[in-house]
Amino acid sequence: MNLSLEDRIRQRAYFLSMSGAGDETTFWLIAEREVMAEVMMESAPASPKATPTTVVKSIETACVAAIVHASKYRQLFAS
């Protein structure tokens with residue numbers, strides 16, 4: 001079954017929310033980055049640079065960025 005990009009992100013965010021505490025925005029941003037990394041890997045030509053290790057590091061970096069972004073977003077609207 002081919003899911004749309006938004007559906008893939010929604011599904012990933014749902015599973016992330018089931019695995020830990022946090023808020024919907026953080027889960028969505030993490031899921032968005034993970035799915036986008038998958039899409040990039042699926043569409044990229046075979047390359048020796050695109051190893052599972054480099055992809056995981058990219059996803060980890062994106063996840064940290066998503067958490068920082070979500071924190072800044074919450075701070076803006078908290079006051």
# chains A, B, ... in the order shown; residues from 1 in each chain; ligands from 1
call {"tool": "residues_around", "arguments": {"residues": "A:Glu60", "least_positions_apart": "6", "cutoff": "10 Å", "atoms": "only C-alpha atoms", "output": "PyMOL selection string"}}
result
chain A and resi 30+33-34+54+66
call {"tool": "write_last_selection", "arguments": {"atoms": "N, CA and C atoms", "output": "PDB file, in the first residue's frame"}}
result
ATOM      1  N   ILE A  30       9.793  15.212  14.399  1.00  0.00           N
ATOM      2  CA  ILE A  30      10.726  14.087  14.327  1.00  0.00           C
ATOM      3  C   ILE A  30      10.298  13.145  13.207  1.00  0.00           C
ATOM      4  N   ARG A  33      11.091  14.560   9.722  1.00  0.00           N
ATOM      5  CA  ARG A  33      12.497  14.450   9.343  1.00  0.00           C
ATOM      6  C   ARG A  33      12.890  13.014   9.027  1.00  0.00           C
ATOM      7  N   GLU A  34      12.377  12.061   9.797  1.00  0.00           N
ATOM      8  CA  GLU A  34      12.705  10.655   9.534  1.00  0.00           C
ATOM      9  C   GLU A  34      12.141  10.205   8.188  1.00  0.00           C
ATOM     10  N   THR A  54      25.529   6.778   7.965  1.00  0.00           N
ATOM     11  CA  THR A  54      25.394   8.202   7.657  1.00  0.00           C
ATOM     12  C   THR A  54      23.936   8.631   7.684  1.00  0.00           C
ATOM     13  N   ALA A  66      14.765  19.150  15.419  1.00  0.00           N
ATOM     14  CA  ALA A  66      13.310  19.228  15.584  1.00  0.00           C
ATOM     15  C   ALA A  66      12.939  19.527  17.030  1.00  0.00           C
TER      16      ALA A  66
END
call {"tool": "closest_residue", "arguments": {"among": "A:Ala21, A:Val64, A:Leu5, A:Ala13", "to": "A:Met36", "atoms": "only C-alpha atoms"}}
result
A:Leu5
call {"tool": "atom_distance", "arguments": {"atom1": "atom CA of A:Leu29", "atom2": "atom CA of A:Asp7"}}
result
13.7 Å
